[in-house]
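Heads up, upload.txt below (compact mmCIF, C-alpha atoms and all ligand atoms):
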```txt
# COMPACT_ATOMS: atom_id res chain seq x y z
CA MET K 1 103.23 121.77 121.76
CA GLN K 2 100.39 119.35 122.51
CA PRO K 3 97.12 120.97 121.43
CA HIS K 4 94.15 120.29 123.71
CA LEU K 5 91.86 118.34 121.46
CA SER K 6 88.20 117.62 122.00
CA ARG K 7 86.93 114.05 121.77
CA PHE K 8 85.93 114.76 118.16
CA GLY K 9 89.22 116.55 117.54
CA HIS K 10 91.07 113.53 118.80
CA LYS K 11 89.03 111.19 116.62
CA MET K 12 89.47 113.31 113.50
CA SER K 13 93.22 113.79 113.98
CA GLN K 14 93.82 110.02 113.65
CA LEU K 15 94.56 108.60 110.23
CA THR K 16 92.74 105.44 109.22
CA GLY K 17 94.84 102.28 108.89
CA VAL K 18 95.47 102.37 105.18
CA ARG K 19 96.86 105.92 105.29
CA ALA K 20 99.63 104.72 107.62
CA ILE K 21 100.59 102.06 105.03
CA MET K 22 100.50 104.66 102.23
CA LYS K 23 102.87 106.85 104.27
CA ASP K 24 105.30 103.93 104.60
CA ILE K 25 105.09 103.28 100.85
CA ILE K 26 105.72 106.91 99.88
CA GLU K 27 108.67 107.26 102.28
CA THR K 28 110.22 103.97 101.15
CA MET K 29 109.90 104.85 97.46
CA ARG K 30 111.47 108.24 98.11
CA SER K 31 114.57 106.48 99.44
CA GLY K 32 115.26 105.37 95.84
CA GLY K 33 115.49 102.15 93.84
CA GLN K 34 113.05 100.45 91.50
CA TRP K 35 109.66 99.59 92.97
CA VAL K 36 106.55 97.94 91.64
CA ASN K 37 103.70 99.73 93.33
CA LEU K 38 100.44 97.77 93.42
CA SER K 39 98.95 99.88 96.19
CA PRO K 40 97.43 103.10 94.81
CA GLY K 41 93.77 103.90 95.20
CA ASN K 42 94.32 106.92 92.97
CA PRO K 43 92.87 106.29 89.50
CA LEU K 44 95.06 106.77 86.43
CA ILE K 45 94.74 109.71 84.08
CA LEU K 46 93.36 108.26 80.84
CA PRO K 47 94.19 110.55 77.89
CA GLU K 48 90.72 110.50 76.25
CA VAL K 49 89.05 111.29 79.55
CA GLU K 50 91.50 114.05 80.38
CA ALA K 51 90.93 115.52 76.91
CA MET K 52 87.20 115.66 77.54
CA TRP K 53 87.63 117.53 80.85
CA ARG K 54 90.13 119.86 79.14
CA GLN K 55 87.64 120.56 76.36
CA TYR K 56 84.87 121.47 78.81
CA THR K 57 87.30 123.57 80.84
CA ALA K 58 88.19 125.58 77.71
CA LYS K 59 84.51 125.98 76.95
CA LEU K 60 83.76 127.21 80.46
CA LEU K 61 86.69 129.66 80.46
CA ALA K 62 85.36 131.17 77.22
CA SER K 63 81.74 131.27 78.27
CA LYS K 64 79.77 134.12 79.79
CA ASP K 65 78.99 131.84 82.79
CA PHE K 66 82.60 131.79 83.98
CA GLY K 67 82.34 134.85 86.25
CA GLU K 68 79.11 133.59 87.77
CA VAL K 69 80.61 130.13 88.38
CA VAL K 70 83.81 131.17 90.15
CA GLY K 71 83.05 134.71 91.27
CA ARG K 72 79.96 134.21 93.39
CA TYR K 73 78.70 131.97 96.16
CA GLY K 74 75.93 129.62 95.11
CA ALA K 75 73.26 127.44 96.67
CA SER K 76 74.37 124.80 99.21
CA GLN K 77 72.45 122.19 97.28
CA GLY K 78 74.73 122.57 94.26
CA TYR K 79 75.12 124.30 90.92
CA GLY K 80 71.73 124.50 89.19
CA PRO K 81 72.77 123.29 85.71
CA LEU K 82 74.46 120.20 87.23
CA ILE K 83 71.39 119.37 89.33
CA ASP K 84 69.22 119.74 86.22
CA ALA K 85 71.55 117.52 84.19
CA VAL K 86 71.47 114.82 86.89
CA VAL K 87 67.65 114.93 87.11
CA GLU K 88 67.27 114.74 83.37
CA PHE K 89 69.80 111.92 83.00
CA PHE K 90 68.37 109.65 85.71
CA ASN K 91 64.79 110.23 84.63
CA SER K 92 65.47 109.50 80.98
CA THR K 93 67.86 106.58 81.60
CA TYR K 94 66.38 104.85 84.65
CA LYS K 95 62.87 106.41 84.90
CA TRP K 96 63.46 107.32 88.56
CA GLY K 97 60.97 110.19 88.47
CA ILE K 98 63.19 112.52 90.51
CA SER K 99 63.21 116.32 90.62
CA ALA K 100 65.73 118.93 91.74
CA GLU K 101 64.76 118.54 95.43
CA ASN K 102 66.10 114.96 95.28
CA VAL K 103 69.69 115.95 94.42
CA LEU K 104 72.59 117.24 96.51
CA ILE K 105 76.10 117.97 95.26
CA THR K 106 78.94 117.57 97.78
CA PRO K 107 82.71 118.21 97.66
CA GLY K 108 83.49 114.60 96.77
CA SER K 109 81.52 111.65 98.07
CA GLN K 110 83.75 111.18 101.14
CA ALA K 111 82.19 114.38 102.52
CA LEU K 112 78.75 112.94 101.82
CA TYR K 113 79.49 109.86 103.97
CA PHE K 114 80.80 112.11 106.72
CA TYR K 115 77.57 114.12 106.66
CA ALA K 116 75.49 110.94 106.54
CA ALA K 117 77.33 109.12 109.32
CA ASN K 118 76.87 112.06 111.68
CA THR K 119 73.39 113.14 110.61
CA PHE K 120 71.86 109.68 110.97
CA GLY K 121 74.39 108.01 113.30
CA GLY K 122 75.49 108.91 116.83
CA TYR K 123 73.38 109.83 119.87
CA ASP K 124 69.82 110.97 119.18
CA PRO K 125 68.15 113.77 121.18
CA HIS K 126 67.04 111.15 123.76
CA GLY K 127 70.61 109.99 124.27
CA ARG K 128 70.12 106.71 122.41
CA LEU K 129 72.89 105.54 120.13
CA ARG K 130 71.96 105.02 116.49
CA LYS K 131 74.49 103.02 114.55
CA ILE K 132 75.76 103.14 111.00
CA LEU K 133 75.48 99.60 109.74
CA LEU K 134 77.94 98.28 107.16
CA PRO K 135 76.15 95.08 106.09
CA LEU K 136 79.04 93.47 104.25
CA SER K 137 82.54 93.67 105.69
CA PRO K 138 85.20 94.16 104.29
CA ASP K 139 84.34 97.53 102.81
CA TYR K 140 85.86 100.94 102.03
CA THR K 141 88.50 101.81 104.63
CA GLY K 142 87.43 105.46 104.49
CA TYR K 143 84.20 104.59 106.35
CA GLY K 144 86.43 104.03 109.38
CA GLY K 145 87.03 107.77 109.64
CA VAL K 146 83.59 109.24 109.03
CA ALA K 147 81.70 108.60 112.27
CA LEU K 148 82.49 111.18 114.97
CA THR K 149 80.91 108.85 117.50
CA GLU K 150 83.32 105.99 117.14
CA GLU K 151 81.06 103.38 118.73
CA SER K 152 78.38 104.08 116.13
CA LEU K 153 80.09 102.11 113.35
CA LEU K 154 78.96 98.48 113.15
CA ALA K 155 80.01 96.08 110.42
CA LEU K 156 78.71 92.57 109.80
CA LYS K 157 80.82 89.55 109.00
CA PRO K 158 80.01 88.16 105.53
CA ASN K 159 79.34 84.65 104.37
CA ILE K 160 82.08 83.28 102.14
CA ASP K 161 80.93 81.59 98.99
CA VAL K 162 83.68 79.57 97.28
CA THR K 163 82.64 79.97 93.67
CA GLY K 164 85.29 77.83 91.96
CA PRO K 165 88.88 76.65 92.23
CA HIS K 166 90.74 79.61 93.77
CA ARG K 167 87.69 81.88 93.51
CA PHE K 168 85.29 83.26 96.10
CA LYS K 169 82.65 85.91 96.69
CA TYR K 170 81.42 87.59 99.86
CA ARG K 171 77.68 87.47 100.46
CA PRO K 172 75.65 89.31 103.08
CA ASP K 173 74.67 87.18 106.08
CA PHE K 174 70.94 87.84 106.17
CA ASP K 175 70.60 85.86 109.41
CA SER K 176 72.58 88.53 111.26
CA LEU K 177 71.21 91.50 109.28
CA LYS K 178 68.74 93.06 111.71
CA VAL K 179 67.62 96.65 111.30
CA ASP K 180 65.74 98.06 114.28
CA ASP K 181 65.56 101.45 116.00
CA THR K 182 69.22 101.17 117.07
CA ILE K 183 70.29 101.61 113.42
CA GLY K 184 70.45 105.14 111.95
CA ALA K 185 71.59 104.29 108.41
CA VAL K 186 72.96 101.47 106.29
CA LEU K 187 76.00 102.04 104.09
CA PHE K 188 77.91 99.93 101.58
CA SER K 189 79.94 100.34 98.40
CA ARG K 190 78.75 98.67 95.18
CA PRO K 191 81.08 97.81 93.43
CA ALA K 192 83.11 97.50 96.61
CA ASN K 193 86.50 98.89 97.38
CA PRO K 194 88.59 96.80 98.25
CA THR K 195 87.08 93.54 97.00
CA GLY K 196 85.57 94.28 93.58
CA ASN K 197 82.39 92.65 94.85
CA VAL K 198 79.08 93.75 93.37
CA LEU K 199 76.14 92.91 95.60
CA THR K 200 73.48 91.39 93.35
CA ASP K 201 70.28 93.31 92.60
CA ASP K 202 68.37 90.81 94.76
CA GLU K 203 70.78 91.21 97.68
CA VAL K 204 70.47 95.00 97.48
CA ARG K 205 66.68 94.85 97.31
CA ALA K 206 66.61 92.55 100.33
CA ILE K 207 68.81 94.92 102.39
CA VAL K 208 66.73 97.93 101.31
CA GLN K 209 63.54 96.13 102.30
CA VAL K 210 64.84 95.17 105.76
CA ALA K 211 65.82 98.81 106.35
CA ALA K 212 62.54 100.17 104.93
CA SER K 213 60.56 98.43 107.65
CA GLU K 214 62.19 100.83 110.16
CA GLU K 215 62.36 103.80 107.76
CA VAL K 216 66.15 103.62 107.87
CA PRO K 217 68.00 105.21 104.91
CA VAL K 218 70.37 103.05 102.86
CA PHE K 219 73.37 104.84 101.34
CA ILE K 220 74.57 102.96 98.28
CA ASP K 221 78.10 104.15 97.56
CA SER K 222 78.28 103.93 93.80
CA ALA K 223 81.73 105.51 93.37
CA TYR K 224 82.60 102.77 90.83
CA ALA K 225 79.15 101.95 89.51
CA ALA K 226 77.21 102.50 86.29
CA PRO K 227 76.39 104.91 84.72
CA PHE K 228 79.71 106.67 85.42
CA PRO K 229 82.49 105.65 85.83
CA ASP K 230 80.92 102.28 84.93
CA LEU K 231 83.66 100.18 86.48
CA VAL K 232 81.39 97.15 86.49
CA TYR K 233 82.23 93.79 84.89
CA THR K 234 79.03 91.94 85.75
CA ASP K 235 75.28 92.58 85.54
CA MET K 236 74.02 95.23 87.93
CA THR K 237 71.23 97.79 88.00
CA PRO K 238 71.40 100.95 90.09
CA ILE K 239 68.58 100.54 92.60
CA TYR K 240 66.40 103.37 93.82
CA ALA K 241 63.67 103.28 96.48
CA PRO K 242 62.09 105.73 98.95
CA ASN K 243 64.73 104.91 101.59
CA VAL K 244 67.71 104.67 99.19
CA ILE K 245 70.25 107.47 98.82
CA HIS K 246 72.11 106.72 95.60
CA CYS K 247 75.60 108.22 96.03
CA MET K 248 77.97 108.90 93.18
CA SER K 249 81.40 110.36 92.63
CA LEU K 250 83.16 111.76 89.58
CA SER K 251 86.55 110.89 91.07
CA LYS K 252 86.93 107.63 89.15
CA ALA K 253 85.66 109.35 86.00
CA GLY K 254 88.74 111.55 85.77
CA LEU K 255 87.82 114.39 88.14
CA PRO K 256 89.10 113.51 91.64
CA GLY K 257 90.83 116.87 92.02
CA GLU K 258 87.61 118.81 91.52
CA ARG K 259 85.76 116.96 94.31
CA VAL K 260 82.30 116.28 92.91
CA GLY K 261 79.97 113.92 94.80
CA ILE K 262 76.29 113.49 93.97
CA ALA K 263 73.50 112.21 96.24
CA ILE K 264 70.05 111.30 94.95
CA GLY K 265 67.35 110.54 97.50
CA ALA K 266 64.04 111.47 99.06
CA ALA K 267 63.75 115.19 99.82
CA PRO K 268 63.72 114.94 103.65
CA TYR K 269 67.05 113.06 103.63
CA ILE K 270 68.54 115.45 101.07
CA GLU K 271 67.43 118.50 103.10
CA ALA K 272 69.04 117.17 106.29
CA LEU K 273 72.30 116.48 104.45
CA GLU K 274 72.19 119.86 102.72
CA SER K 275 71.90 121.70 106.05
CA PHE K 276 74.89 119.75 107.35
CA GLN K 277 76.78 120.86 104.25
CA THR K 278 75.77 124.52 104.72
CA ASN K 279 77.23 124.41 108.23
CA ALA K 280 80.36 122.51 107.28
CA ALA K 281 81.39 123.86 103.89
CA ILE K 282 78.67 126.19 102.45
CA HIS K 283 78.88 124.41 99.11
CA SER K 284 81.06 122.40 96.81
CA SER K 285 83.41 124.14 94.36
CA ARG K 286 81.36 125.25 91.36
CA PHE K 287 84.10 124.93 88.75
CA GLY K 288 84.08 121.11 88.69
CA GLN K 289 80.29 121.12 88.94
CA ALA K 290 80.03 123.31 85.85
CA LEU K 291 82.30 120.94 83.88
CA ALA K 292 80.29 117.95 85.08
CA ALA K 293 77.01 119.53 84.03
CA GLU K 294 78.21 119.80 80.43
CA ALA K 295 79.82 116.36 80.35
CA ILE K 296 76.66 114.68 81.63
CA ARG K 297 74.28 116.69 79.45
CA SER K 298 76.25 116.02 76.25
CA GLY K 299 76.47 112.27 76.90
CA ASP K 300 80.29 112.40 76.70
CA LEU K 301 80.79 111.25 80.28
CA LEU K 302 78.58 108.22 79.74
CA ARG K 303 80.20 107.39 76.40
CA LEU K 304 83.78 107.60 77.72
CA SER K 305 82.87 105.64 80.84
CA GLN K 306 81.58 102.81 78.67
CA THR K 307 84.16 102.92 75.88
CA VAL K 308 87.37 103.96 77.67
CA ILE K 309 87.26 103.68 81.47
CA ASN K 310 85.45 100.36 81.72
CA PRO K 311 87.50 98.45 79.08
CA PHE K 312 90.78 99.81 80.47
CA TYR K 313 90.29 98.41 83.97
CA ARG K 314 88.38 95.32 82.85
CA ARG K 315 91.39 94.28 80.78
CA LYS K 316 93.68 94.82 83.78
CA ALA K 317 91.42 92.66 85.94
CA GLU K 318 91.50 89.86 83.36
CA LEU K 319 95.26 90.13 82.98
CA LEU K 320 95.88 89.98 86.72
CA THR K 321 93.54 87.01 87.11
CA ALA K 322 95.52 85.16 84.42
CA ALA K 323 98.83 86.15 86.06
CA PHE K 324 97.68 84.76 89.41
CA GLU K 325 96.62 81.51 87.73
CA GLU K 326 100.09 81.27 86.23
CA HIS K 327 102.19 82.26 89.24
CA LEU K 328 100.29 81.26 92.40
CA PRO K 329 100.83 77.56 93.24
CA ALA K 330 97.72 75.50 92.53
CA ASP K 331 98.17 73.47 95.74
CA LEU K 332 98.01 76.50 98.05
CA PRO K 333 94.71 77.75 99.49
CA TRP K 334 94.62 81.12 97.73
CA PHE K 335 91.30 82.58 96.65
CA LEU K 336 90.78 85.57 94.41
CA HIS K 337 87.56 87.50 94.88
CA GLU K 338 85.31 87.42 91.79
CA ALA K 339 86.39 90.45 89.73
CA GLU K 340 83.01 92.15 89.33
CA GLY K 341 83.99 95.81 89.44
CA ALA K 342 86.14 98.69 90.77
CA ILE K 343 89.91 99.03 90.32
CA PHE K 344 91.24 96.42 92.73
CA ALA K 345 91.84 92.70 93.10
CA TRP K 346 91.35 91.08 96.52
CA LEU K 347 93.25 87.97 97.50
CA TRP K 348 92.29 85.76 100.44
CA LEU K 349 95.03 83.44 101.71
CA ASP K 350 93.34 80.83 103.83
CA GLN K 351 95.35 79.51 106.82
CA LEU K 352 98.07 82.07 106.12
CA PRO K 353 100.87 81.20 108.59
CA ILE K 354 101.84 84.88 109.12
CA THR K 355 99.80 88.10 109.39
CA ASP K 356 98.84 90.25 106.42
CA GLN K 357 101.19 92.94 107.78
CA GLU K 358 104.12 90.49 107.84
CA LEU K 359 103.19 89.34 104.36
CA TYR K 360 103.22 92.98 103.23
CA GLN K 361 106.78 93.28 104.61
CA ARG K 362 107.91 90.02 102.94
CA ILE K 363 106.55 91.19 99.57
CA LYS K 364 108.05 94.65 100.11
CA ALA K 365 111.47 93.00 100.56
CA HIS K 366 111.16 92.06 96.85
CA HIS K 367 110.45 95.73 95.98
CA VAL K 368 106.74 95.19 95.41
CA PHE K 369 104.04 97.06 97.35
CA VAL K 370 100.57 95.68 97.99
CA VAL K 371 98.11 96.74 100.69
CA PRO K 372 97.50 94.45 103.70
CA GLY K 373 93.79 93.72 104.15
CA ALA K 374 93.17 94.42 107.85
CA PRO K 375 92.30 98.16 107.50
CA PHE K 376 89.37 97.24 105.24
CA PHE K 377 87.25 95.86 108.05
CA PRO K 378 86.15 99.13 109.72
CA GLY K 379 83.46 98.59 112.35
CA LEU K 380 84.00 94.80 112.54
CA LYS K 381 84.92 94.47 116.20
CA GLU K 382 85.08 90.71 116.59
CA GLU K 383 88.29 88.79 116.15
CA TRP K 384 88.26 86.85 112.90
CA PRO K 385 91.46 85.27 111.43
CA HIS K 386 90.21 86.14 107.93
CA LYS K 387 90.87 89.85 108.69
CA ARG K 388 94.61 89.07 108.71
CA GLN K 389 94.61 86.84 105.61
CA CYS K 390 93.90 89.25 102.76
CA LEU K 391 95.70 91.59 100.37
CA ARG K 392 94.47 94.37 98.07
CA ILE K 393 96.18 94.79 94.70
CA SER K 394 95.53 97.87 92.59
CA LEU K 395 94.74 97.61 88.90
CA THR K 396 96.30 101.02 88.27
CA ALA K 397 99.73 99.41 87.72
CA THR K 398 101.02 98.70 84.22
CA GLU K 399 100.50 95.27 82.68
CA ASP K 400 104.20 94.41 83.20
CA GLU K 401 104.02 95.51 86.83
CA LEU K 402 100.94 93.36 87.42
CA ARG K 403 102.78 90.32 86.00
CA ILE K 404 105.90 91.01 88.09
CA GLY K 405 103.75 91.55 91.17
CA ALA K 406 101.89 88.26 90.68
CA ALA K 407 105.20 86.39 90.25
CA VAL K 408 106.62 87.89 93.44
CA ILE K 409 103.45 87.17 95.43
CA GLY K 410 103.54 83.57 94.15
CA GLN K 411 107.19 83.18 95.19
CA VAL K 412 106.65 84.68 98.65
CA LEU K 413 103.53 82.58 99.29
CA THR K 414 105.42 79.40 98.35
CA GLU K 415 108.10 80.25 100.94
CA VAL K 416 105.63 81.34 103.61
CA TYR K 417 103.40 78.26 103.39
CA ALA K 418 106.44 75.93 103.07
CA GLY K 419 107.73 77.32 106.39
CA SER K 420 104.53 76.31 108.18
CA SER K 421 103.42 72.87 109.30
CA ARG K 422 100.25 73.09 107.27
C1 LIG G 501 84.20 103.12 97.71
C2 LIG G 501 84.63 104.55 97.77
N1 LIG G 501 83.77 105.47 98.22
C3 LIG G 501 84.11 106.76 98.31
C4 LIG G 501 85.37 107.20 97.97
C5 LIG G 501 85.69 108.65 98.10
O1 LIG G 501 85.71 109.24 96.85
P1 LIG G 501 85.53 110.81 96.59
O2 LIG G 501 85.46 111.51 97.92
O3 LIG G 501 86.72 111.20 95.81
O4 LIG G 501 84.24 110.95 95.84
C6 LIG G 501 86.32 106.28 97.49
C7 LIG G 501 87.67 106.72 97.14
O5 LIG G 501 88.53 105.99 96.79
C8 LIG G 501 85.94 104.93 97.40
O6 LIG G 501 86.80 103.99 96.97
```

This entry written out as structure tokens:
Amino acid sequence: MQPHLSRFGHKMSQLTGVRAIMKDIIETMRSGGQWVNLSPGNPLILPEVEAMWRQYTAKLLASKDFGEVVGRYGASQGYGPLIDAVVEFFNSTYKWGISAENVLITPGSQALYFYAANTFGGYDPHGRLRKILLPLSPDYTGYGGVALTEESLLALKPNIDVTGPHRFKYRPDFDSLKVDDTIGAVLFSRPANPTGNVLTDDEVRAIVQVAASEEVPVFIDSAYAAPFPDLVYTDMTPIYAPNVIHCMSLSKAGLPGERVGIAIGAAPYIEALESFQTNAAIHSSRFGQALAAEAIRSGDLLRLSQTVINPFYRRKAELLTAAFEEHLPADLPWFLHEAEGAIFAWLWLDQLPITDQELYQRIKAHHVFVVPGAPFFPGLKEEWPHKRQCLRISLTATEDELRIGAAVIGQVLTEVYAGSSR
């Protein structure tokens, strides 16, 4: 049967590029054999972090609040004790001067970007298209699926800053960054998935200022940022301003299954997003919210982010960088993105003689999975060879797997570049 889908139904029934790759990986691994999988975006379960969530779960099960938490509907805005804990934490830590009306809890932050992309992007009541601007491509592949009005997503090509031998960093191209009344919202991840880039405080302030002149909201996707999960290996300050919506997720802090996203912003933005949520989902599950409230209030979430989650992935990033130095030929034009945050490494292979998809297949032939880079340029319409010259490698693999993966990538690249007339 072929269901009759609406335009939105059609759009939402497509899977974004990286999901198709993940399907191939899962099916291939199911067919048996030994595989080194450097593809997952799923964070690892770290025992200390799991123990903390278990402890707060036991506490909630034993508490008098349990019935109220799971047995009744609540406010669309979120579970009161979690909102209070967020307000208290951000006011005491960052002096943001927020109150409860500035906070919205969503079922994971992906839902928040869906609400945002369709509340502020798409056709306005006068029929004019307002776009969602991604100021620094490549960025999170999941943004490719959030805009119901497909033509509303617009990404900007970055400047490439070669920062050292075999190192580079993407920078926003401020010459092409124009925010006028055709832009409904600005959105970027910091630290970024897939690159590990952390836009500097100055870069963020400059973007926020350009958008402020048109009263355009800026959604800063802080899924990997400080204070939790604190997957940041460079200096960065969370930045708040009247047109900034600071967006967080507890998924990389050990709670992806409970779907807890947090938005902090000016009340008019929060109210619009909250109404969208009431229509779409009523509210986020209160069980995870109740656990999060305790973990934030006690300081445990902050402490474990800083002492367990951050060092775990930072070490992996350092190890993989060293493994690339050892195994990738020095005379080839490979460039690793500066490892500033998140749980991925991003490799740019300049003048790559084959596509990223073909490279994925060549590496797969050695029983190693990586993710080809092309799906991480959502909204970037123009042709640009760079889009087909990158790979994402996950830091969730074991140290041995990272070393094996780097050796295989080095071997395949030697063969691939040797076969070209470079
Ligand atoms: C940059 C970024 N933003 C948002 C999300 C969505 O996270 P969640 O919906 O679990 O909060 C992810 C998930 O991997 C991500 O990498």

Within 9 Å of region 207-227 of chain K, which residues of region 311-417 of chain K come that close, and what is the closest atom pair and distance in Å for each? Count all atoms listed in the file and give it as a Markdown table.
```
| residue | atom | partner | partner_atom | distance |
| --- | --- | --- | --- | --- |
| K:Gly341 | CA | K:Tyr224 | CA | 7.2 |
| K:Ala342 | CA | K:Tyr224 | CA | 5.4 |
| K:Ile343 | CA | K:Tyr224 | CA | 8.2 |
```

Save the residues we just selected, C-alpha atoms, as a compact mmCIF listing (two decimals), keeping the file's coordinate frame?
```
# COMPACT_ATOMS: atom_id res chain seq x y z
CA GLY K 341 83.99 95.81 89.44
CA ALA K 342 86.14 98.69 90.77
CA ILE K 343 89.91 99.03 90.32
```

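Proximity of K:Ala20, K:Leu187, K:Val103, K:Leu5 to ligand LIG 501 (chain G), computed with only C-alpha atoms and all ligand atoms, is greatest for K:Leu187.
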
- Item | Atom-to-atom span, CA of Glu382 (chain K) and CA of Pro333 (chain K), Å |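 Calculated distance between CA of Glu382 (chain K) and CA of Pro333 (chain K) is 23.5 Å.
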
- Task: Name each residue within 9 Å of ligand LIG 501 (chain G), counting all atoms listed in the file, as number ranges by chain.
- Result: K: 41-43, 106-113, 139-143, 188-194, 221-224, 247-252, 255-262, 342-343

- 10 Å contact set for region 162-175 of chain K, all atoms listed in the file, chain neighbours under 3 positions out, as a PyMOL selection string: chain K and resi 135-138+156-159+178+195-200+203-204+206-207+210+324-325+328+330-340+346-349

Listed atoms of region 5-21 of chain K boxed axis-aligned with 6 Å per side, centre + edges as JSON:
```
{"center_x": 93.3, "center_y": 110.2, "center_z": 113.5, "size_x": 26.7, "size_y": 28.3, "size_z": 29.0}
```

- Within 7 Å of region 305-312 of chain K, counting only C-alpha atoms, which residues show up once you throw out same-chain ones fewer than 5 positions away? Write them as a PyMOL selection string, please. chain K and resi 228-231+253

Coordinate excerpt as a tab-separated table (two decimals), in the first residue's frame: region 5-38 of chain K, C-alpha atoms:
```tsv
chain	number	residue	atom	x	y	z
K	5	LEU	CA	1.24	11.61	2.22
K	6	SER	CA	0.99	15.35	2.56
K	7	ARG	CA	3.95	17.53	1.59
K	8	PHE	CA	4.96	17.58	5.27
K	9	GLY	CA	4.28	13.85	5.57
K	10	HIS	CA	6.53	13.23	2.63
K	11	LYS	CA	9.27	15.41	4.08
K	12	MET	CA	9.08	13.79	7.51
K	13	SER	CA	9.05	10.22	6.17
K	14	GLN	CA	12.52	10.69	4.63
K	15	LEU	CA	15.55	9.74	6.69
K	16	THR	CA	18.45	12.17	6.74
K	17	GLY	CA	21.65	11.05	5.00
K	18	VAL	CA	23.51	9.74	7.99
K	19	ARG	CA	20.65	7.43	9.02
K	20	ALA	CA	20.97	5.61	5.68
K	21	ILE	CA	24.67	4.99	6.43
K	22	MET	CA	23.83	3.79	9.96
K	23	LYS	CA	21.34	1.32	8.46
K	24	ASP	CA	24.06	-0.06	6.17
K	25	ILE	CA	26.43	-0.38	9.14
K	26	ILE	CA	23.92	-2.20	11.34
K	27	GLU	CA	22.91	-4.61	8.56
K	28	THR	CA	26.53	-5.34	7.62
K	29	MET	CA	27.55	-5.99	11.23
K	30	ARG	CA	24.59	-8.32	11.67
K	31	SER	CA	25.94	-10.47	8.84
K	32	GLY	CA	28.78	-11.48	11.20
K	33	GLY	CA	32.56	-11.14	11.43
K	34	GLN	CA	34.77	-8.81	13.42
K	35	TRP	CA	34.23	-5.10	12.83
K	36	VAL	CA	35.79	-1.96	14.18
K	37	ASN	CA	32.96	0.53	14.40
K	38	LEU	CA	34.07	4.16	14.46
```
